[in-house]
$ cat entry26.cif   # mmCIF, C-alpha atoms (C1' of nucleotides)
data_model
loop_
_atom_site.group_PDB
_atom_site.id
_atom_site.type_symbol
_atom_site.label_atom_id
_atom_site.label_comp_id
_atom_site.auth_asym_id
_atom_site.auth_seq_id
_atom_site.Cartn_x
_atom_site.Cartn_y
_atom_site.Cartn_z
ATOM 1 C CA MET A 1 -3.129 -3.207 -0.187
ATOM 2 C CA PRO A 2 -2.110 -2.490 3.360
ATOM 3 C CA GLU A 3 -2.620 1.268 3.603
ATOM 4 C CA LEU A 4 -2.582 3.650 6.552
ATOM 5 C CA PRO A 5 -5.380 1.966 8.593
ATOM 6 C CA GLU A 6 -3.893 -1.507 8.158
ATOM 7 C CA VAL A 7 -0.371 -0.340 9.000
ATOM 8 C CA GLU A 8 -1.699 1.584 12.019
ATOM 9 C CA THR A 9 -3.452 -1.581 13.220
ATOM 10 C CA VAL A 10 -0.251 -3.609 12.928
ATOM 11 C CA VAL A 11 1.661 -0.935 14.857
ATOM 12 C CA ARG A 12 -0.945 -0.810 17.650
ATOM 13 C CA ASP A 13 -0.961 -4.609 17.888
ATOM 14 C CA LEU A 14 2.815 -4.967 17.951
ATOM 15 C CA ARG A 15 3.615 -2.086 20.316
ATOM 16 C CA PRO A 16 2.706 -3.760 23.637
ATOM 17 C CA MET A 17 4.108 -7.118 22.569
ATOM 18 C CA LEU A 18 7.412 -5.840 21.197
ATOM 19 C CA CYS A 19 8.529 -2.894 23.323
ATOM 20 C CA GLY A 20 11.340 -3.861 25.695
ATOM 21 C CA GLN A 21 11.835 -7.229 24.022
ATOM 22 C CA ARG A 22 15.315 -8.369 22.996
ATOM 23 C CA ILE A 23 16.243 -10.012 19.684
ATOM 24 C CA ASP A 24 17.838 -13.385 20.492
ATOM 25 C CA ARG A 25 18.121 -14.924 17.028
ATOM 26 C CA ILE A 26 17.412 -14.075 13.390
ATOM 27 C CA GLN A 27 16.565 -16.469 10.570
ATOM 28 C CA THR A 28 15.899 -15.443 6.989
ATOM 29 C CA GLY A 29 14.691 -17.075 3.798
ATOM 30 C CA ARG A 30 16.561 -16.981 0.529
ATOM 31 C CA ALA A 31 13.977 -15.119 -1.524
ATOM 32 C CA ARG A 32 14.925 -11.572 -2.398
ATOM 33 C CA LEU A 33 12.739 -8.797 -1.006
ATOM 34 C CA ARG A 34 12.300 -5.452 -2.746
ATOM 35 C CA ARG A 35 15.227 -4.188 -0.695
ATOM 36 C CA PRO A 36 17.356 -7.259 -0.080
ATOM 37 C CA TRP A 37 18.063 -8.280 3.496
ATOM 38 C CA GLN A 38 21.789 -7.980 4.297
ATOM 39 C CA LYS A 39 23.331 -10.926 6.154
ATOM 40 C CA ARG A 40 25.740 -8.573 7.976
ATOM 41 C CA TRP A 41 22.802 -6.854 9.701
ATOM 42 C CA GLU A 42 22.146 -9.922 11.804
ATOM 43 C CA LYS A 43 25.143 -9.654 14.155
ATOM 44 C CA LEU A 44 24.374 -5.948 14.564
ATOM 45 C CA LEU A 45 20.783 -6.720 15.568
ATOM 46 C CA VAL A 46 21.055 -9.741 17.861
ATOM 47 C CA GLY A 47 20.997 -8.620 21.499
ATOM 48 C CA ARG A 48 19.320 -5.291 20.735
ATOM 49 C CA ARG A 49 15.966 -4.325 22.265
ATOM 50 C CA PHE A 50 12.906 -2.693 20.714
ATOM 51 C CA ASN A 51 12.304 0.740 22.167
ATOM 52 C CA ALA A 52 9.233 1.860 20.230
ATOM 53 C CA VAL A 53 6.915 0.861 17.397
ATOM 54 C CA ARG A 54 5.579 3.628 15.204
ATOM 55 C CA ARG A 55 4.161 4.445 11.774
ATOM 56 C CA ARG A 56 4.819 7.094 9.158
ATOM 57 C CA GLY A 57 2.624 6.869 6.062
ATOM 58 C CA LYS A 58 2.623 3.185 5.136
ATOM 59 C CA TRP A 59 6.028 2.595 6.751
ATOM 60 C CA ILE A 60 6.527 0.787 10.055
ATOM 61 C CA ILE A 61 9.470 1.944 12.161
ATOM 62 C CA LEU A 62 10.795 -0.289 14.904
ATOM 63 C CA ASP A 63 13.109 1.857 17.028
ATOM 64 C CA LEU A 64 15.965 0.011 18.694
ATOM 65 C CA ASP A 65 17.741 0.792 21.958
ATOM 66 C CA GLU A 66 20.816 3.029 21.702
ATOM 67 C CA SER A 67 20.342 3.884 18.028
ATOM 68 C CA GLY A 68 19.067 2.515 14.761
ATOM 69 C CA HIS A 69 15.788 1.222 13.438
ATOM 70 C CA ILE A 70 14.209 -1.604 11.542
ATOM 71 C CA LEU A 71 12.124 -0.181 8.694
ATOM 72 C CA VAL A 72 9.293 -2.304 7.319
ATOM 73 C CA HIS A 73 7.008 -1.783 4.327
ATOM 74 C CA LEU A 74 4.231 -4.310 3.773
ATOM 75 C CA GLY A 75 3.961 -3.682 0.031
ATOM 76 C CA MET A 76 0.859 -5.489 -1.136
ATOM 77 C CA THR A 77 0.910 -8.798 0.680
ATOM 78 C CA GLY A 78 3.235 -8.224 3.622
ATOM 79 C CA GLN A 79 2.373 -9.500 7.099
ATOM 80 C CA LEU A 80 4.284 -8.494 10.232
ATOM 81 C CA THR A 81 3.126 -10.563 13.174
ATOM 82 C CA ILE A 82 4.115 -11.866 16.575
ATOM 83 C CA ALA A 83 3.650 -15.624 16.648
ATOM 84 C CA SER A 84 4.508 -18.459 18.968
ATOM 85 C CA ALA A 85 7.864 -19.979 18.092
ATOM 86 C CA ARG A 86 6.063 -23.321 18.138
ATOM 87 C CA SER A 87 3.435 -22.328 15.540
ATOM 88 C CA PRO A 88 4.148 -23.613 12.020
ATOM 89 C CA ARG A 89 6.221 -21.383 9.794
ATOM 90 C CA LEU A 90 4.007 -20.472 6.833
ATOM 91 C CA ASN A 91 5.451 -20.418 3.332
ATOM 92 C CA HIS A 92 6.717 -17.021 2.117
ATOM 93 C CA THR A 93 8.006 -16.195 5.611
ATOM 94 C CA HIS A 94 11.190 -14.248 4.869
ATOM 95 C CA VAL A 95 12.390 -12.919 8.238
ATOM 96 C CA LEU A 96 11.994 -14.448 11.709
ATOM 97 C CA MET A 97 13.309 -12.770 14.842
ATOM 98 C CA THR A 98 13.124 -14.920 17.937
ATOM 99 C CA LEU A 99 12.518 -12.783 20.999
ATOM 100 C CA GLU A 100 13.923 -13.011 24.522
ATOM 101 C CA GLY A 101 13.157 -16.374 26.093
ATOM 102 C CA GLY A 102 12.562 -18.110 22.768
ATOM 103 C CA ASP A 103 8.776 -18.427 23.021
ATOM 104 C CA ALA A 104 7.717 -15.688 20.618
ATOM 105 C CA GLN A 105 8.849 -14.602 17.181
ATOM 106 C CA LEU A 106 8.438 -11.470 15.109
ATOM 107 C CA ARG A 107 7.762 -12.746 11.612
ATOM 108 C CA TYR A 108 7.693 -11.072 8.216
ATOM 109 C CA ARG A 109 5.735 -12.930 5.547
ATOM 110 C CA ASP A 110 5.153 -11.576 2.039
ATOM 111 C CA VAL A 111 3.814 -13.649 -0.841
ATOM 112 C CA ARG A 112 4.461 -11.143 -3.618
ATOM 113 C CA ARG A 113 7.614 -9.647 -2.086
ATOM 114 C CA PHE A 114 6.719 -6.059 -2.933
ATOM 115 C CA GLY A 115 7.554 -5.167 0.635
ATOM 116 C CA SER A 116 10.786 -5.046 2.583
ATOM 117 C CA VAL A 117 12.458 -5.288 5.975
ATOM 118 C CA GLU A 118 15.671 -3.315 6.372
ATOM 119 C CA PHE A 119 18.052 -2.210 9.100
ATOM 120 C CA TRP A 120 18.784 1.478 9.340
ATOM 121 C CA PRO A 121 21.735 1.883 11.691
ATOM 122 C CA ILE A 122 21.764 5.635 12.238
ATOM 123 C CA SER A 123 19.291 7.271 14.559
ATOM 124 C CA GLN A 124 17.380 10.336 13.397
ATOM 125 C CA ALA A 125 18.355 9.765 9.762
ATOM 126 C CA ILE A 126 15.267 7.608 9.341
ATOM 127 C CA ASP A 127 12.906 10.482 10.051
ATOM 128 C CA ASP A 128 14.761 12.716 7.612
ATOM 129 C CA LEU A 129 14.654 10.000 4.988
ATOM 130 C CA LEU A 130 10.918 9.511 5.396
ATOM 131 C CA ALA A 131 10.296 13.260 5.488
ATOM 132 C CA GLU A 132 12.050 13.445 2.132
ATOM 133 C CA LYS A 133 9.703 11.091 0.363
ATOM 134 C CA LEU A 134 6.480 11.565 2.312
ATOM 135 C CA GLY A 135 4.084 14.448 2.594
ATOM 136 C CA PRO A 136 2.055 15.169 5.747
ATOM 137 C CA GLU A 137 -0.064 12.625 7.573
ATOM 138 C CA PRO A 138 -3.761 13.200 6.703
ATOM 139 C CA TRP A 139 -4.447 14.802 10.102
ATOM 140 C CA GLU A 140 -1.582 17.253 9.533
ATOM 141 C CA LEU A 141 -2.637 18.388 6.074
ATOM 142 C CA PRO A 142 -1.925 22.119 5.916
ATOM 143 C CA SER A 143 -4.630 24.707 5.585
ATOM 144 C CA ASP A 144 -3.263 25.518 2.136
ATOM 145 C CA TRP A 145 -3.824 21.943 0.988
ATOM 146 C CA HIS A 146 -5.970 23.321 -1.813
ATOM 147 C CA GLN A 147 -2.807 24.951 -3.183
ATOM 148 C CA ALA A 148 -1.120 21.564 -3.478
ATOM 149 C CA ILE A 149 -4.089 20.170 -5.404
ATOM 150 C CA SER A 150 -4.821 23.126 -7.624
ATOM 151 C CA LYS A 151 -1.300 23.365 -8.999
ATOM 152 C CA SER A 152 -1.459 19.784 -10.310
ATOM 153 C CA ALA A 153 -2.514 18.852 -13.829
ATOM 154 C CA ARG A 154 -3.344 15.345 -12.609
ATOM 155 C CA CYS A 155 -6.729 13.954 -11.622
ATOM 156 C CA LEU A 156 -7.721 13.702 -7.937
ATOM 157 C CA LYS A 157 -7.227 9.945 -7.911
ATOM 158 C CA ALA A 158 -3.591 10.289 -9.009
ATOM 159 C CA ILE A 159 -3.031 13.126 -6.530
ATOM 160 C CA LEU A 160 -4.337 11.072 -3.590
ATOM 161 C CA LEU A 161 -2.056 8.158 -4.508
ATOM 162 C CA ASP A 162 0.980 10.472 -4.454
ATOM 163 C CA GLN A 163 2.645 9.896 -1.076
ATOM 164 C CA ARG A 164 4.334 13.312 -1.267
ATOM 165 C CA VAL A 165 0.943 15.034 -1.278
ATOM 166 C CA VAL A 166 -0.545 13.033 1.597
ATOM 167 C CA ALA A 167 1.077 10.025 3.260
ATOM 168 C CA GLY A 168 -0.714 6.715 3.752
ATOM 169 C CA VAL A 169 -3.575 6.777 1.239
ATOM 170 C CA GLY A 170 -3.606 3.937 -1.306
ATOM 171 C CA ASN A 171 -6.001 2.661 -3.920
ATOM 172 C CA ILE A 172 -8.804 1.562 -1.601
ATOM 173 C CA TYR A 173 -8.954 4.641 0.614
ATOM 174 C CA ALA A 174 -8.488 7.005 -2.329
ATOM 175 C CA ASP A 175 -11.697 5.619 -3.867
ATOM 176 C CA GLU A 176 -13.569 5.551 -0.558
ATOM 177 C CA SER A 177 -12.502 9.104 0.325
ATOM 178 C CA LEU A 178 -13.535 10.513 -3.057
ATOM 179 C CA PHE A 179 -16.944 8.886 -2.663
ATOM 180 C CA GLU A 180 -17.285 10.267 0.855
ATOM 181 C CA ALA A 181 -16.441 13.740 -0.459
ATOM 182 C CA GLY A 182 -18.758 13.387 -3.469
ATOM 183 C CA LEU A 183 -15.924 14.168 -5.875
ATOM 184 C CA SER A 184 -15.098 12.496 -9.168
ATOM 185 C CA PRO A 185 -11.792 10.626 -9.277
ATOM 186 C CA GLU A 186 -11.382 12.108 -12.772
ATOM 187 C CA GLN A 187 -11.724 15.668 -11.494
ATOM 188 C CA LEU A 188 -8.545 17.570 -12.340
ATOM 189 C CA GLY A 189 -6.681 19.042 -9.406
ATOM 190 C CA VAL A 190 -6.263 22.313 -11.249
ATOM 191 C CA HIS A 191 -10.036 22.692 -11.585
ATOM 192 C CA THR A 192 -10.831 21.888 -7.970
ATOM 193 C CA ARG A 193 -12.566 24.487 -5.812
ATOM 194 C CA PRO A 194 -11.174 25.326 -2.361
ATOM 195 C CA ALA A 195 -14.380 24.167 -0.660
ATOM 196 C CA ASP A 196 -14.164 20.802 -2.434
ATOM 197 C CA ALA A 197 -10.536 20.379 -1.406
ATOM 198 C CA ALA A 198 -11.525 21.104 2.182
ATOM 199 C CA ARG A 199 -14.323 18.534 1.980
ATOM 200 C CA LEU A 200 -11.918 15.986 0.542
ATOM 201 C CA ARG A 201 -9.531 16.552 3.428
ATOM 202 C CA GLU A 202 -12.337 15.928 5.927
ATOM 203 C CA ALA A 203 -13.480 12.859 3.973
ATOM 204 C CA ILE A 204 -10.007 11.292 4.006
ATOM 205 C CA ILE A 205 -9.724 11.713 7.766
ATOM 206 C CA CYS A 206 -13.248 10.425 8.360
ATOM 207 C CA VAL A 207 -12.789 7.321 6.192
ATOM 208 C CA LEU A 208 -9.379 6.510 7.655
ATOM 209 C CA GLU A 209 -10.655 6.826 11.215
ATOM 210 C CA ARG A 210 -13.590 4.511 10.496
ATOM 211 C CA ALA A 211 -11.201 2.027 8.873
ATOM 212 C CA ILE A 212 -8.819 2.113 11.836
ATOM 213 C CA ALA A 213 -11.769 1.505 14.163
ATOM 214 C CA ALA A 214 -12.571 -1.611 12.103
ATOM 215 C CA ARG A 215 -8.891 -2.720 12.262
ATOM 216 C CA GLY A 216 -8.378 -2.128 8.541
ATOM 217 C CA ALA A 217 -9.593 -4.107 5.557
ATOM 218 C CA THR A 218 -8.658 -7.649 4.588
ATOM 219 C CA ILE A 219 -9.029 -8.265 0.849
ATOM 220 C CA ARG A 220 -6.887 -11.356 0.738
ATOM 221 C CA ASP A 221 -3.630 -11.370 2.649
ATOM 222 C CA TYR A 222 -3.796 -8.609 5.216
ATOM 223 C CA VAL A 223 -3.683 -9.486 8.911
ATOM 224 C CA GLY A 224 -2.897 -7.343 11.960
ATOM 225 C CA GLY A 225 0.080 -7.790 14.258
ATOM 226 C CA SER A 226 -1.539 -10.665 16.120
ATOM 227 C CA GLY A 227 -2.717 -12.415 12.953
ATOM 228 C CA LEU A 228 -6.331 -11.185 13.050
ATOM 229 C CA GLN A 229 -8.093 -10.099 9.858
ATOM 230 C CA GLY A 230 -9.583 -6.636 9.433
ATOM 231 C CA GLY A 231 -13.270 -5.804 9.098
ATOM 232 C CA TYR A 232 -13.498 -2.657 6.996
ATOM 233 C CA GLN A 233 -13.943 -4.588 3.731
ATOM 234 C CA ASN A 234 -17.561 -5.036 4.884
ATOM 235 C CA GLU A 235 -18.021 -1.261 4.957
ATOM 236 C CA PHE A 236 -16.713 -0.435 1.483
ATOM 237 C CA GLN A 237 -19.058 1.955 -0.326
ATOM 238 C CA VAL A 238 -17.469 1.746 -3.792
ATOM 239 C CA TYR A 239 -14.190 -0.180 -3.775
ATOM 240 C CA GLY A 240 -14.613 -3.566 -5.464
ATOM 241 C CA ARG A 241 -18.369 -2.949 -5.844
ATOM 242 C CA THR A 242 -18.526 -2.470 -9.642
ATOM 243 C CA GLY A 243 -22.079 -3.039 -10.894
ATOM 244 C CA GLN A 244 -23.551 -3.118 -7.391
ATOM 245 C CA PRO A 245 -25.916 -0.362 -6.246
ATOM 246 C CA CYS A 246 -24.478 2.868 -4.889
ATOM 247 C CA PRO A 247 -25.291 2.934 -1.155
ATOM 248 C CA ARG A 248 -26.450 6.546 -1.537
ATOM 249 C CA CYS A 249 -28.471 6.599 -4.776
ATOM 250 C CA THR A 250 -28.739 2.877 -5.757
ATOM 251 C CA ARG A 251 -27.401 3.486 -9.251
ATOM 252 C CA PRO A 252 -24.694 0.988 -10.289
ATOM 253 C CA ILE A 253 -21.113 1.648 -9.209
ATOM 254 C CA GLU A 254 -18.810 2.026 -12.186
ATOM 255 C CA SER A 255 -15.113 1.363 -12.578
ATOM 256 C CA LEU A 256 -12.350 2.627 -14.795
ATOM 257 C CA ARG A 257 -8.585 2.787 -14.848
ATOM 258 C CA LEU A 258 -6.875 5.905 -13.549
ATOM 259 C CA ALA A 259 -3.202 6.430 -12.736
ATOM 260 C CA GLY A 260 -2.731 2.767 -13.642
ATOM 261 C CA ARG A 261 -5.106 1.641 -10.886
ATOM 262 C CA SER A 262 -8.623 0.240 -10.828
ATOM 263 C CA THR A 263 -10.938 3.028 -9.723
ATOM 264 C CA HIS A 264 -14.483 2.655 -8.377
ATOM 265 C CA TYR A 265 -17.045 5.449 -8.139
ATOM 266 C CA CYS A 266 -20.680 6.472 -8.476
ATOM 267 C CA PRO A 267 -21.098 8.761 -11.517
ATOM 268 C CA ALA A 268 -24.265 10.275 -10.035
ATOM 269 C CA CYS A 269 -22.920 11.022 -6.555
ATOM 270 C CA GLN A 270 -19.451 12.002 -7.744
ATOM 271 C CA PRO A 271 -19.868 14.532 -10.563
ATOM 272 C CA VAL A 272 -16.953 16.528 -11.914
ATOM 273 C CA ARG A 273 -17.259 20.006 -10.393
ATOM 274 C CA VAL A 274 -15.485 22.774 -12.242
ATOM 275 C CA ARG A 275 -14.285 25.991 -10.751
ATOM 276 C CA ALA A 276 -16.389 28.967 -11.810
ATOM 277 C CA SER A 277 -13.416 30.703 -13.439
ATOM 278 C CA GLY A 278 -12.724 27.986 -15.997
ATOM 279 C CA ARG A 279 -14.851 25.780 -18.176
ATOM 280 C CA LYS A 280 -14.229 22.038 -18.214
ATOM 281 C "C1'" DC B 1 10.200 20.200 -13.551
ATOM 282 C "C1'" DC B 2 6.364 17.271 -14.168
ATOM 283 C "C1'" DG B 3 3.670 13.424 -15.367
ATOM 284 C "C1'" DA B 4 3.022 8.967 -17.594
ATOM 285 C "C1'" DC B 5 4.289 4.425 -17.707
ATOM 286 C "C1'" DG B 6 6.939 0.010 -17.035
ATOM 287 C "C1'" DT B 7 8.810 -3.154 -13.553
ATOM 288 C "C1'" DC B 8 8.839 -6.240 -9.771
ATOM 289 C "C1'" DC B 9 6.080 -10.723 -7.907
ATOM 290 C "C1'" DT B 10 2.661 -14.768 -7.000
ATOM 291 C "C1'" DG B 11 -1.931 -16.526 -6.630
ATOM 292 C "C1'" DC B 12 -6.369 -16.534 -8.048
ATOM 293 C "C1'" DT B 13 -9.872 -16.688 -11.582
ATOM 294 C "C1'" DA B 14 -12.387 -15.867 -15.917
ATOM 295 C "C1'" DG B 15 -12.797 -17.887 -20.166
ATOM 296 C "C1'" DC B 16 -11.967 -21.135 -23.677
ATOM 297 C "C1'" DT C 1 -11.644 -30.713 -16.584
ATOM 298 C "C1'" DG C 2 -7.310 -28.424 -17.536
ATOM 299 C "C1'" DC C 3 -4.793 -24.837 -19.198
ATOM 300 C "C1'" DT C 4 -3.395 -19.987 -19.655
ATOM 301 C "C1'" DA C 5 -3.784 -15.068 -19.994
ATOM 302 C "C1'" DG C 6 -4.940 -11.353 -17.318
ATOM 303 C "C1'" DC C 7 -5.382 -8.951 -13.205
ATOM 304 C "C1'" DA C 8 -4.344 -7.234 -8.435
ATOM 305 C "C1'" DG C 9 -1.043 -2.645 -6.976
ATOM 306 C "C1'" DG C 10 3.130 0.365 -3.725
ATOM 307 C "C1'" DA C 11 7.252 2.313 -4.683
ATOM 308 C "C1'" DC C 12 10.618 3.569 -7.698
ATOM 309 C "C1'" DG C 13 13.265 4.036 -12.005
ATOM 310 C "C1'" DT C 14 13.118 5.698 -16.629
ATOM 311 C "C1'" DC C 15 11.592 8.311 -20.375
ATOM 312 C "C1'" DG C 16 9.573 12.163 -23.001
#

$ encode --input "entry26.cif" --output "structure tokens"
Amino acid sequence: MPELPEVETVVRDLRPMLCGQRIDRIQTGRARLRRPWQKRWEKLLVGRRFNAVRRRGKWIILDLDESGHILVHLGMTGQLTIASARSPRLNHTHVLMTLEGGDAQLRYRDVRRFGSVEFWPISQAIDDLLAEKLGPEPWELPSDWHQAISKSARCLKAILLDQRVVAGVGNIYADESLFEAGLSPEQLGVHTRPADAARLREAIICVLERAIAARGATIRDYVGGSGLQGGYQNEFQVYGRTGQPCPRCTRPIESLRLAGRSTHYCPACQPVRVRASGRK
DNA sequence: CCGACGTCCTGCTAGC
DNA sequence: TGCTAGCAGGACGTCG
């Protein structure tokens, strides 16, 4: 559920609170995260300082002084927050790092445990690792982005969910972007016209920027780095609006299952458009 | 090589 | 009113 706008909000919230801070103590729960926390990491991390907080796709990178990083993925229900050490520890809190002075803690909470917190000791390697599994950020999509789409036999919905094609888009923003572009989620990549691909690229950027401005969307669990909920769920055009009127044409929003995910769209505003050279 | 699909996990809710 | 089946989905492994 946390996608690029939510992760970006967490990063922006944490950056001023975390940079320069030292890790004084680490406590962990027993529950196993997607990538299990290693006990031996703790003595390597205590005493280190945070140098920078950044994002790549849906991944949060906490750069440490000297070398190494803490890599965080929020999965579906992950929360990475700075909280007072005196505030109650909520259930499903798996990692707590007490910061210099003992007043504040960096906390990782994750009900469904689809996410992870891991230590990556070698500098630089983290960027190579992420470059291996992630495509460009939406703003860096290449001018030949139509090439990437048109060589795929998959539908646009599945293509947008593929992190190697574009990093950071998930189920919500895939649906919202396709609506913004007026393209059917069922449209096959191979049939997509260059002009439609270009419009989709603009739509993704536009939707993500609006969502970041609203501090992301809170469906259930998502909160920013200071514990605040997002506001973009109030601006959804199609996601989760099955049966409700399309904001553009008032016809009911429909839903179906694509690429194993619930997909929301307006059949009238998002027709399948086929390239002139080939018939449906 | 590519794409489809199953798996992990818990909490909420629709339906009986 | 109480129970349970089904659903939510990001990343990754497996299979055809």

$ residues_around --input "entry26.cif" --residues "B:DC8" --least-positions-apart "3" --cutoff "12 Å" --atoms "all atoms listed in the file" --output "list in words"
Arg32, Leu33, Arg34, Arg35, Gly75, Met76, Arg112, Arg113, Phe114 and Gly115 of chain A; DG9, DG10, DA11, DC12 and DG13 of chain C

$ write_last_selection --input "entry26.cif" --atoms "C-alpha atoms (C1' of nucleotides)" --output "PDB file, in the coordinates of the input"
ATOM      1  CA  ARG A  32      14.925 -11.572  -2.398  1.00  0.00           C
ATOM      2  CA  LEU A  33      12.739  -8.797  -1.006  1.00  0.00           C
ATOM      3  CA  ARG A  34      12.300  -5.452  -2.746  1.00  0.00           C
ATOM      4  CA  ARG A  35      15.227  -4.188  -0.695  1.00  0.00           C
ATOM      5  CA  GLY A  75       3.961  -3.682   0.031  1.00  0.00           C
ATOM      6  CA  MET A  76       0.859  -5.489  -1.136  1.00  0.00           C
ATOM      7  CA  ARG A 112       4.461 -11.143  -3.618  1.00  0.00           C
ATOM      8  CA  ARG A 113       7.614  -9.647  -2.086  1.00  0.00           C
ATOM      9  CA  PHE A 114       6.719  -6.059  -2.933  1.00  0.00           C
ATOM     10  CA  GLY A 115       7.554  -5.167   0.635  1.00  0.00           C
TER      11      GLY A 115
ATOM     12  C1'  DG C   9      -1.043  -2.645  -6.976  1.00  0.00           C
ATOM     13  C1'  DG C  10       3.130   0.365  -3.725  1.00  0.00           C
ATOM     14  C1'  DA C  11       7.252   2.313  -4.683  1.00  0.00           C
ATOM     15  C1'  DC C  12      10.618   3.569  -7.698  1.00  0.00           C
ATOM     16  C1'  DG C  13      13.265   4.036 -12.005  1.00  0.00           C
TER      17       DG C  13
END

$ resolve_selection --input "entry26.cif" --expression "the PyMOL selection byres ((chain A and resi 255-263) around 7)" --output "VMD selection string"
chain A and resid 157 to 158 175 242 253 to 254 264 to 265

$ residues_near_point --input "entry26.cif" --point "(22.7, 6.6, 14.7)" --cutoff "9 Å" --atoms "all atoms listed in the file" --output "ChimeraX atom specification"
/A:66-69,120-125

$ atom_distance --input "entry26.cif" --atom1 "atom CA of A:Gln270" --atom2 "atom CA of A:Asp196"
11.6 Å

$ residues_around --input "entry26.cif" --residues "C:DG16" --least-positions-apart "2" --cutoff "12 Å" --atoms "only C-alpha atoms (C1' of nucleotides)" --output "PyMOL selection string"
(chain B and resi 2-5) or (chain C and resi 14)

$ atom_distance --input "entry26.cif" --atom1 "atom CA of A:Leu99" --atom2 "atom CA of A:Gly216"
26.6 Å

$ resolve_selection --input "entry26.cif" --expression "the PyMOL selection byres ((chain A and resi 62) around 9)" --output "VMD selection string"
chain A and resid 50 to 55 60 to 61 63 to 64 68 to 72

$ resolve_selection --input "entry26.cif" --expression "the PyMOL selection byres ((chain B and resi 15) around 10)" --output "list in words"
DT13, DA14 and DC16 of chain B; DT4 and DA5 of chain C

$ atom_distance --input "entry26.cif" --atom1 "atom CA of A:Arg164" --atom2 "atom CA of A:Val272"
24.0 Å

$ axis_aligned_box --input "entry26.cif" --around "stretch 212-215 of chain A" --padding-each-side "8 Å" --output "JSON"
{"center_x": -10.7, "center_y": -0.3, "center_z": 13.0, "size_x": 19.8, "size_y": 20.8, "size_z": 18.3}
